[in-house]
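What follows is a set of notes on a single structure, which appears directly below.
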Amino acid sequence: MPAFKQSTVIGVIGAGAMGAGIAQVAAQAGYQVKLYDNREGVAQIAIDSMAKQLAKLVERKKFTAEQVQQTLARLEVADSLNDLAEAGLVVEAIVENIDVKKAIFDTLESVCSADCILASNTSSISITRLAAGMKHPERMVGMHFFNPAPIMKLVEVVSGLATDLKVAICLYETALSWGKKPVYAASTPGFIVNRVARPFYAESFRLRQEQVADCATLDALLKGAGGFRMGAFELTDMIGHDVNYAVTCSVFDAYYGDFRFQPSLIQKDLVDAGFLGRKTGQGFYCYQEGAEKPEAQIVSVSLSTDVSSIKCEVSEDVGHLAGLVERLSQAGVQVTQVSGLAKGYLKVGRALLALTDGRMACERAKDERLSELVLVDLALDYQSATHIALSRSAATSEGAFNDVVQCLDLLGIKVSEVVDSPALVVMRTVAMLANEAADAVLQGVATAEGVDTAMCFGVNYPKGPLAWADSIGVADVETVLHNLQQSYGEDRYRPSLLMRRIAMLEGSFHVK
Ligand code: NAI
């Protein structure tokens, strides 16, 4: 089934943050839009405020005045649901309440033609449940936009048990023609993004709870090494802890208390205290006037050693640290390949440096009888990373640790030393994101490509979690998860069956 023709009337119900944005997207794409809200005057207010926003974009030369005029001319207020009778597609974006939504769809079934597609922008209600009891449940589908809808590219096209594939295809093609990045998803709790993103918050919260580092340091590492636009603390302060905590609780409950989705006590504390983030002036950070944002803890460089004298010996296969080795040699550090070092190890001055494999440094040093062990965290790209976490075993000397810090300083990379903890910060986060993504694929929620697209375009991740796992090596990511599970003895870190299968086959999530 192709995309709707531009002559199709699109109905949008609910003129709040999402409905207004969806109406704007459809009107900008050339469709006639009828916007309905049950609070009198609200739909017109939404169109007026859209006009003001678009006028600003004309000033910034993003649109011509004519384009804006045409867009606004395509937007019309519907006075009642009856005004949506001629619509070919109706997108509902009202309050997140199943009974209220069901009542709307019930009315729409009697108002609209039998072939009108009925879509919901719900973030958390099952499309299968919404469609239950409808006369034509096969035309009910999720069309899940992200906030702000005119800017965020992702649209999850969510099929319930009864949704006709042709209906989903039509919405996919329509979203594509609206300039969006649609992905297909099966109606399961959290769909794709709200499920796969849970570990991004959960692992930072746990690291904080275990006092591995402070919020500012963890945020800075996720950005400077991980390439994420925001860290988990600043992001949840922005989203609002009431909202973020409620989503986590709803996903946790929906998966019958699976510990992978366990809510965080430190976030619950914030909610209990009314510290909801930016909107209340206090969350993990303080936003009161004059409050200073805390800075990340950076290891200061001690100049006890002449950097030019630090030698770097590397094993024949440095694995994922190849980018770091290249950067060291570009910076003039003497890098020599030696045969006596095990795979993945670097000797930097007095230190033995390795990428975390999910074991604590103390454990790894003991297991492999290593001295002067320093572990480095994962970076999205070691060539461009600006900040990185290191940890060490208690037996590692200050001098050996400083040799690594000085070398990284030479490369312009800031170092934060974090408490010796399994999988450090970025590796732990990425491994858990990839694990959740793998499970979503295993369970047929979406394809590997769909999950990665969703995470890149719905929450701006710098790389899809599965493509990231592919680039690290799926077997290595599985090892990290296995070691995390061993360390904690918790089911939360169990590797997905799909991850294990691909790791055993030495394969990848995406065809290379
Ligand atoms: P909102 O509170 O900003 O707007 C909801 C609008 O619906 C209000 O203007 C309200 O007057 C209207 N409304 C309520 N009951 C109605 C009814 N029976 N008939 C007609 N209009 C009615 O809410 P928001 O944030 O726009 O969310 C709407 C939907 O979109 C929810 O299902 C939410 O889960 C979903 N969503 C929200 C996102 C967000 O970031 N805010 C992101 C993606 C989805």
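Please note that chains go A, B, ... in the order of the structure tokens, that every chain numbers its residues from 1, and that ligands are numbered from 1 in the order shown.
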- Item | Env. residues ligand 1 / 7 Å / only C-alpha atoms and all ligand atoms / as a ChimeraX atom specification | /A:13-19,36-39,42,93-96,100-101,104,121-124,144-147
- Identify, on the basis of only C-alpha atoms, every residue whose closest approach to Phe261 (chain A) does not exceed 9 Å; exclude the query and any residue fewer than 6 positions from it along the same chain; express the result as a list in words.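 My reading of the contact set: Arg195, Arg198, Pro199, Ala202, Thr248, Cys249, Val251, Phe252, Asp253, Tyr255 and Arg492 of chain A.
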Written selection (C-alpha atoms) as a PDB file, in the first residue's frame:
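The file below, part23.pdb, is the result:
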ATOM      1  CA  ARG A 195      12.756   0.063  25.871  1.00  0.00           C
ATOM      2  CA  ARG A 198      16.457   2.217  29.577  1.00  0.00           C
ATOM      3  CA  PRO A 199      20.065   1.082  30.290  1.00  0.00           C
ATOM      4  CA  ALA A 202      19.954   2.823  34.546  1.00  0.00           C
ATOM      5  CA  THR A 248      10.958   3.113  33.686  1.00  0.00           C
ATOM      6  CA  CYS A 249       8.369   1.859  36.192  1.00  0.00           C
ATOM      7  CA  VAL A 251       8.359  -0.790  31.337  1.00  0.00           C
ATOM      8  CA  PHE A 252       9.546  -2.684  34.473  1.00  0.00           C
ATOM      9  CA  ASP A 253       5.957  -3.614  35.380  1.00  0.00           C
ATOM     10  CA  TYR A 255       7.946  -6.962  31.651  1.00  0.00           C
ATOM     11  CA  ARG A 492      20.123  -7.892  34.967  1.00  0.00           C
TER      12      ARG A 492
END
- Message: If we count only C-alpha atoms and set the cut-off at 10 Å, which residues sit around Ser302 (chain A), ignoring sequence neighbours fewer than 5 positions away in its own chain? Please answer as a VMD selection string.
- Response: chain A and resid 399 402 to 403 405 to 406
Please produce a file of those selected residues containing all heavy atoms, as a PDB file, in the first residue's frame.
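Ended up saving to part05.pdb:
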ATOM      1  N   GLY A 399      52.978   5.829  39.945  1.00  0.00           N
ATOM      2  CA  GLY A 399      53.881   6.158  38.833  1.00  0.00           C
ATOM      3  C   GLY A 399      53.404   5.533  37.534  1.00  0.00           C
ATOM      4  O   GLY A 399      53.364   6.199  36.488  1.00  0.00           O
ATOM      5  N   ASN A 402      50.326   7.314  36.339  1.00  0.00           N
ATOM      6  CA  ASN A 402      50.673   8.637  35.799  1.00  0.00           C
ATOM      7  C   ASN A 402      51.270   8.566  34.406  1.00  0.00           C
ATOM      8  O   ASN A 402      51.081   9.472  33.602  1.00  0.00           O
ATOM      9  CB  ASN A 402      51.660   9.352  36.729  1.00  0.00           C
ATOM     10  CG  ASN A 402      50.902  10.109  37.789  1.00  0.00           C
ATOM     11  OD1 ASN A 402      49.745  10.482  37.586  1.00  0.00           O
ATOM     12  ND2 ASN A 402      51.541  10.304  38.929  1.00  0.00           N
ATOM     13  N   ASP A 403      51.988   7.500  34.120  1.00  0.00           N
ATOM     14  CA  ASP A 403      52.559   7.353  32.774  1.00  0.00           C
ATOM     15  C   ASP A 403      51.431   7.334  31.734  1.00  0.00           C
ATOM     16  O   ASP A 403      51.542   7.944  30.667  1.00  0.00           O
ATOM     17  CB  ASP A 403      53.384   6.057  32.668  1.00  0.00           C
ATOM     18  CG  ASP A 403      54.715   6.170  33.399  1.00  0.00           C
ATOM     19  OD1 ASP A 403      55.080   7.299  33.802  1.00  0.00           O
ATOM     20  OD2 ASP A 403      55.383   5.125  33.581  1.00  0.00           O
ATOM     21  N   VAL A 405      48.358   8.570  32.181  1.00  0.00           N
ATOM     22  CA  VAL A 405      47.689   9.886  32.197  1.00  0.00           C
ATOM     23  C   VAL A 405      48.496  10.883  31.363  1.00  0.00           C
ATOM     24  O   VAL A 405      47.943  11.637  30.555  1.00  0.00           O
ATOM     25  CB  VAL A 405      47.525  10.397  33.656  1.00  0.00           C
ATOM     26  CG1 VAL A 405      46.967  11.817  33.667  1.00  0.00           C
ATOM     27  CG2 VAL A 405      46.617   9.464  34.442  1.00  0.00           C
ATOM     28  N   GLN A 406      49.817  10.866  31.528  1.00  0.00           N
ATOM     29  CA  GLN A 406      50.659  11.810  30.777  1.00  0.00           C
ATOM     30  C   GLN A 406      50.587  11.564  29.284  1.00  0.00           C
ATOM     31  O   GLN A 406      50.561  12.489  28.482  1.00  0.00           O
ATOM     32  CB  GLN A 406      52.110  11.689  31.244  1.00  0.00           C
ATOM     33  CG  GLN A 406      52.334  12.362  32.565  1.00  0.00           C
ATOM     34  CD  GLN A 406      53.813  12.537  32.847  1.00  0.00           C
ATOM     35  OE1 GLN A 406      54.598  12.804  31.937  1.00  0.00           O
ATOM     36  NE2 GLN A 406      54.192  12.385  34.081  1.00  0.00           N
TER      37      GLN A 406
END
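Running DSSP on the backbone and keeping only strand (DSSP E or B), the residues of region 284-342 of chain A that qualify are Cys286, Lys311, Cys312, Glu313, Val314, Gln334, Val335, Thr336 and Gln337 of chain A.
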Residues from last step as file, N, CA, C and O atoms, as an mmCIF file, in the first residue's frame:
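What landed in selection-v1.cif:
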data_model
loop_
_atom_site.group_PDB
_atom_site.id
_atom_site.type_symbol
_atom_site.label_atom_id
_atom_site.label_comp_id
_atom_site.auth_asym_id
_atom_site.auth_seq_id
_atom_site.Cartn_x
_atom_site.Cartn_y
_atom_site.Cartn_z
ATOM 1 N N CYS A 286 21.702 21.499 40.409
ATOM 2 C CA CYS A 286 20.890 22.619 40.875
ATOM 3 C C CYS A 286 20.792 23.662 39.752
ATOM 4 O O CYS A 286 21.789 23.966 39.091
ATOM 5 N N LYS A 311 57.867 5.135 26.688
ATOM 6 C CA LYS A 311 57.796 4.248 25.512
ATOM 7 C C LYS A 311 56.486 3.486 25.546
ATOM 8 O O LYS A 311 55.936 3.224 26.609
ATOM 9 N N CYS A 312 56.054 3.155 24.360
ATOM 10 C CA CYS A 312 54.817 2.394 24.285
ATOM 11 C C CYS A 312 55.086 1.120 23.494
ATOM 12 O O CYS A 312 55.478 1.180 22.317
ATOM 13 N N GLU A 313 54.909 -0.001 24.143
ATOM 14 C CA GLU A 313 55.057 -1.279 23.449
ATOM 15 C C GLU A 313 53.671 -1.881 23.282
ATOM 16 O O GLU A 313 52.853 -1.807 24.210
ATOM 17 N N VAL A 314 53.438 -2.419 22.112
ATOM 18 C CA VAL A 314 52.092 -2.937 21.871
ATOM 19 C C VAL A 314 52.163 -4.391 21.400
ATOM 20 O O VAL A 314 53.125 -4.818 20.788
ATOM 21 N N GLN A 334 56.932 7.009 20.943
ATOM 22 C CA GLN A 334 57.597 5.841 20.319
ATOM 23 C C GLN A 334 56.744 4.599 20.534
ATOM 24 O O GLN A 334 56.573 4.154 21.667
ATOM 25 N N VAL A 335 56.207 4.055 19.449
ATOM 26 C CA VAL A 335 55.378 2.850 19.588
ATOM 27 C C VAL A 335 56.101 1.679 18.938
ATOM 28 O O VAL A 335 56.482 1.753 17.769
ATOM 29 N N THR A 336 56.321 0.633 19.697
ATOM 30 C CA THR A 336 57.022 -0.537 19.154
ATOM 31 C C THR A 336 56.147 -1.775 19.313
ATOM 32 O O THR A 336 55.564 -1.978 20.380
ATOM 33 N N GLN A 337 56.085 -2.547 18.260
ATOM 34 C CA GLN A 337 55.326 -3.800 18.359
ATOM 35 C C GLN A 337 56.238 -4.884 18.943
ATOM 36 O O GLN A 337 57.365 -5.044 18.499
#
- d(CA of Tyr245 (chain A), CA of Val193 (chain A)) in Å: 15.2 Å
- Message: Can you tell me, as a ChimeraX atom specification, which residues in region 122-285 of chain A count as alpha helix (DSSP H) by DSSP?
- Response: /A:127-131,165-177,193-196,198-209,215-224,232-239,241-254,265-273
- Message: Can you tell me which residues surround Leu72 (chain A) at a distance of at most 12 Å, considering only C-alpha atoms, apart from same-chain residues fewer than 4 positions away, and format the answer as a ChimeraX atom specification?
- Response: /A:23-35,44,46-55,65-68,76-77
Would you save the residues of that selection, restricted to N, CA and C atoms, as an mmCIF file, in the first residue's frame?
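out.cif, freshly written:
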data_model
loop_
_atom_site.group_PDB
_atom_site.id
_atom_site.type_symbol
_atom_site.label_atom_id
_atom_site.label_comp_id
_atom_site.auth_asym_id
_atom_site.auth_seq_id
_atom_site.Cartn_x
_atom_site.Cartn_y
_atom_site.Cartn_z
ATOM 1 N N ALA A 23 0.586 17.855 13.378
ATOM 2 C CA ALA A 23 -0.219 18.618 12.406
ATOM 3 C C ALA A 23 0.698 19.468 11.532
ATOM 4 N N GLN A 24 1.693 20.081 12.168
ATOM 5 C CA GLN A 24 2.632 20.924 11.408
ATOM 6 C C GLN A 24 3.420 20.097 10.387
ATOM 7 N N VAL A 25 3.870 18.919 10.810
ATOM 8 C CA VAL A 25 4.648 18.050 9.916
ATOM 9 C C VAL A 25 3.817 17.701 8.670
ATOM 10 N N ALA A 26 2.558 17.301 8.900
ATOM 11 C CA ALA A 26 1.710 16.889 7.772
ATOM 12 C C ALA A 26 1.402 18.085 6.859
ATOM 13 N N ALA A 27 1.131 19.239 7.477
ATOM 14 C CA ALA A 27 0.811 20.431 6.664
ATOM 15 C C ALA A 27 2.029 20.864 5.861
ATOM 16 N N GLN A 28 3.200 20.805 6.491
ATOM 17 C CA GLN A 28 4.430 21.175 5.760
ATOM 18 C C GLN A 28 4.672 20.247 4.586
ATOM 19 N N ALA A 29 4.223 18.996 4.732
ATOM 20 C CA ALA A 29 4.430 18.023 3.648
ATOM 21 C C ALA A 29 3.364 18.169 2.558
ATOM 22 N N GLY A 30 2.462 19.135 2.715
ATOM 23 C CA GLY A 30 1.507 19.431 1.646
ATOM 24 C C GLY A 30 0.112 18.858 1.832
ATOM 25 N N TYR A 31 -0.161 18.326 3.023
ATOM 26 C CA TYR A 31 -1.472 17.708 3.276
ATOM 27 C C TYR A 31 -2.413 18.695 3.976
ATOM 28 N N GLN A 32 -3.714 18.543 3.664
ATOM 29 C CA GLN A 32 -4.739 19.321 4.349
ATOM 30 C C GLN A 32 -4.935 18.692 5.730
ATOM 31 N N VAL A 33 -4.840 19.504 6.787
ATOM 32 C CA VAL A 33 -4.899 18.945 8.137
ATOM 33 C C VAL A 33 -6.051 19.560 8.932
ATOM 34 N N LYS A 34 -6.792 18.721 9.612
ATOM 35 C CA LYS A 34 -7.840 19.213 10.511
ATOM 36 C C LYS A 34 -7.430 18.854 11.934
ATOM 37 N N LEU A 35 -7.320 19.879 12.780
ATOM 38 C CA LEU A 35 -6.818 19.684 14.137
ATOM 39 C C LEU A 35 -7.949 19.866 15.139
ATOM 40 N N GLN A 44 -6.930 26.383 17.908
ATOM 41 C CA GLN A 44 -6.583 27.646 17.246
ATOM 42 C C GLN A 44 -5.332 28.260 17.880
ATOM 43 N N ALA A 46 -2.943 26.651 19.210
ATOM 44 C CA ALA A 46 -1.794 25.861 18.734
ATOM 45 C C ALA A 46 -1.378 26.326 17.329
ATOM 46 N N ILE A 47 -2.367 26.579 16.474
ATOM 47 C CA ILE A 47 -2.030 27.017 15.106
ATOM 48 C C ILE A 47 -1.399 28.416 15.153
ATOM 49 N N ASP A 48 -1.924 29.284 16.022
ATOM 50 C CA ASP A 48 -1.347 30.633 16.133
ATOM 51 C C ASP A 48 0.105 30.567 16.623
ATOM 52 N N SER A 49 0.341 29.688 17.578
ATOM 53 C CA SER A 49 1.722 29.638 18.087
ATOM 54 C C SER A 49 2.655 29.004 17.050
ATOM 55 N N MET A 50 2.097 28.071 16.260
ATOM 56 C CA MET A 50 2.883 27.497 15.154
ATOM 57 C C MET A 50 3.260 28.612 14.161
ATOM 58 N N ALA A 51 2.292 29.504 13.893
ATOM 59 C CA ALA A 51 2.531 30.605 12.946
ATOM 60 C C ALA A 51 3.688 31.467 13.447
ATOM 61 N N LYS A 52 3.715 31.714 14.768
ATOM 62 C CA LYS A 52 4.800 32.539 15.341
ATOM 63 C C LYS A 52 6.146 31.831 15.200
ATOM 64 N N GLN A 53 6.152 30.517 15.503
ATOM 65 C CA GLN A 53 7.405 29.746 15.399
ATOM 66 C C GLN A 53 7.914 29.732 13.962
ATOM 67 N N LEU A 54 6.965 29.531 13.030
ATOM 68 C CA LEU A 54 7.367 29.449 11.618
ATOM 69 C C LEU A 54 7.867 30.808 11.113
ATOM 70 N N ALA A 55 7.261 31.901 11.630
ATOM 71 C CA ALA A 55 7.701 33.244 11.219
ATOM 72 C C ALA A 55 9.172 33.434 11.617
ATOM 73 N N ALA A 65 8.600 32.909 3.148
ATOM 74 C CA ALA A 65 7.308 33.381 3.683
ATOM 75 C C ALA A 65 6.166 32.656 2.965
ATOM 76 N N GLU A 66 6.390 32.383 1.683
ATOM 77 C CA GLU A 66 5.342 31.719 0.901
ATOM 78 C C GLU A 66 5.102 30.279 1.401
ATOM 79 N N GLN A 67 6.192 29.585 1.675
ATOM 80 C CA GLN A 67 6.066 28.198 2.192
ATOM 81 C C GLN A 67 5.275 28.191 3.502
ATOM 82 N N VAL A 68 5.589 29.141 4.362
ATOM 83 C CA VAL A 68 4.913 29.202 5.655
ATOM 84 C C VAL A 68 3.437 29.519 5.457
ATOM 85 N N GLU A 76 -6.470 23.587 9.593
ATOM 86 C CA GLU A 76 -7.825 24.029 9.871
ATOM 87 C C GLU A 76 -8.248 23.476 11.239
ATOM 88 N N VAL A 77 -9.027 24.251 11.971
ATOM 89 C CA VAL A 77 -9.528 23.753 13.263
ATOM 90 C C VAL A 77 -10.775 22.911 13.002
#
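If you look at CA of Gln383 (chain A) and CA of Gly224 (chain A), they are 11.7 Å away from each other.
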- Item | Asp439 (chain A) surroundings by only C-alpha atoms, 8 Å radius, close-in-sequence under 2 positions cut, as a PyMOL selection string | chain A and resi 435-437+441-443+496-498
- Nearest to Val451 (chain A) by atom-to-atom distance, counting only C-alpha atoms, from A:Asp83, A:Glu40, A:Asp115, A:Glu156: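 Nearest to Val451 (chain A): A:Glu156.
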- In Å, how far is it from CA of Leu375 (chain A) to CA of Phe401 (chain A)?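 A separation of 9.8 Å between them.
Across A:Pro294, A:Gly473, A:Gly231, A:Gly458, the tightest approach to Ala431 (chain A) is made by A:Gly473 when counting only C-alpha atoms.
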- Message: When you look at Leu484 (chain A) with a cut-off of 12 Å (counting only C-alpha atoms), what residues show up, excluding the ones that are within fewer than 6 positions of it in the same chain? I need them as a PyMOL selection string.
- Response: chain A and resi 203+356-360+363+421-424+427-429+431-432+477-478+490-495
Using the selection just defined, write its residues with N, CA, C and O atoms as a CSV table (one decimal), in the first residue's frame.
chain,number,residue,atom,x,y,z
A,203,GLU,N,22.3,2.5,33.9
A,203,GLU,CA,23.7,2.2,34.3
A,203,GLU,C,24.4,3.4,34.9
A,203,GLU,O,25.2,3.2,35.8
A,356,THR,N,38.8,-2.4,29.0
A,356,THR,CA,38.0,-3.2,30.0
A,356,THR,C,37.3,-4.3,29.3
A,356,THR,O,36.8,-4.2,28.2
A,357,ASP,N,37.3,-5.5,29.9
A,357,ASP,CA,36.5,-6.6,29.4
A,357,ASP,C,35.4,-7.0,30.3
A,357,ASP,O,34.8,-8.0,30.2
A,358,GLY,N,35.1,-6.0,31.2
A,358,GLY,CA,33.9,-6.2,32.1
A,358,GLY,C,34.4,-6.8,33.5
A,358,GLY,O,33.5,-6.8,34.4
A,359,ARG,N,35.6,-7.1,33.6
A,359,ARG,CA,36.1,-7.5,35.0
A,359,ARG,C,36.7,-6.3,35.6
A,359,ARG,O,37.2,-5.4,35.0
A,360,MET,N,36.6,-6.2,37.0
A,360,MET,CA,37.3,-5.2,37.7
A,360,MET,C,38.8,-5.3,37.5
A,360,MET,O,39.3,-6.5,37.3
A,363,GLU,N,40.3,-7.8,39.8
A,363,GLU,CA,40.0,-9.2,39.5
A,363,GLU,C,40.9,-9.7,38.3
A,363,GLU,O,41.5,-10.8,38.3
A,421,SER,N,35.6,-0.7,38.9
A,421,SER,CA,34.2,-1.2,38.8
A,421,SER,C,34.0,-1.9,37.5
A,421,SER,O,34.7,-1.5,36.5
A,422,PRO,N,33.2,-2.9,37.4
A,422,PRO,CA,33.1,-3.7,36.2
A,422,PRO,C,32.7,-2.9,35.0
A,422,PRO,O,31.7,-2.2,35.0
A,423,ALA,N,33.5,-3.0,33.9
A,423,ALA,CA,33.1,-2.4,32.6
A,423,ALA,C,33.1,-0.9,32.5
A,423,ALA,O,32.6,-0.3,31.5
A,424,LEU,N,33.7,-0.3,33.5
A,424,LEU,CA,33.8,1.2,33.5
A,424,LEU,C,32.5,1.9,33.2
A,424,LEU,O,31.4,1.5,33.7
A,427,MET,N,31.8,1.6,28.2
A,427,MET,CA,31.6,0.2,27.8
A,427,MET,C,30.4,-0.5,28.5
A,427,MET,O,29.7,-1.2,27.8
A,428,ARG,N,30.2,-0.2,29.7
A,428,ARG,CA,29.1,-0.8,30.4
A,428,ARG,C,27.8,-0.3,29.8
A,428,ARG,O,26.9,-1.1,29.5
A,429,THR,N,27.7,1.0,29.5
A,429,THR,CA,26.5,1.6,28.9
A,429,THR,C,26.2,1.0,27.6
A,429,THR,O,25.1,0.6,27.2
A,431,ALA,N,27.4,-1.8,26.2
A,431,ALA,CA,27.1,-3.2,26.2
A,431,ALA,C,25.7,-3.5,26.6
A,431,ALA,O,25.0,-4.4,26.0
A,432,MET,N,25.2,-2.7,27.6
A,432,MET,CA,23.8,-2.9,28.0
A,432,MET,C,22.8,-2.4,27.0
A,432,MET,O,21.7,-3.0,26.8
A,477,VAL,N,31.7,-8.0,23.3
A,477,VAL,CA,30.6,-7.4,24.1
A,477,VAL,C,29.9,-8.4,25.0
A,477,VAL,O,29.6,-8.2,26.1
A,478,GLU,N,29.8,-9.6,24.4
A,478,GLU,CA,29.2,-10.7,25.2
A,478,GLU,C,30.0,-11.0,26.4
A,478,GLU,O,29.5,-11.3,27.5
A,490,GLU,N,23.9,-11.0,39.1
A,490,GLU,CA,22.6,-10.5,38.8
A,490,GLU,C,22.1,-10.9,37.4
A,490,GLU,O,22.9,-10.7,36.5
A,491,ASP,N,20.8,-11.2,37.3
A,491,ASP,CA,20.2,-11.5,36.1
A,491,ASP,C,20.1,-10.3,35.1
A,491,ASP,O,20.0,-10.5,33.9
A,492,ARG,N,20.2,-9.1,35.7
A,492,ARG,CA,20.1,-7.9,35.0
A,492,ARG,C,21.1,-7.9,33.8
A,492,ARG,O,20.9,-7.3,32.8
A,493,TYR,N,22.3,-8.5,34.0
A,493,TYR,CA,23.4,-8.4,33.0
A,493,TYR,C,23.5,-9.6,32.1
A,493,TYR,O,24.4,-9.8,31.4
A,494,ARG,N,22.5,-10.5,32.2
A,494,ARG,CA,22.5,-11.7,31.4
A,494,ARG,C,22.6,-11.4,29.9
A,494,ARG,O,21.8,-10.6,29.4
A,495,PRO,N,23.5,-12.0,29.2
A,495,PRO,CA,23.6,-11.7,27.7
A,495,PRO,C,22.4,-12.2,27.0
A,495,PRO,O,21.9,-13.3,27.3
- Message: My list of candidates is A:Leu118, A:Leu353, A:Cys456, A:Leu154. Which is closest to Ala197 (chain A) when distances are computed with only C-alpha atoms?
- Response: A:Cys456
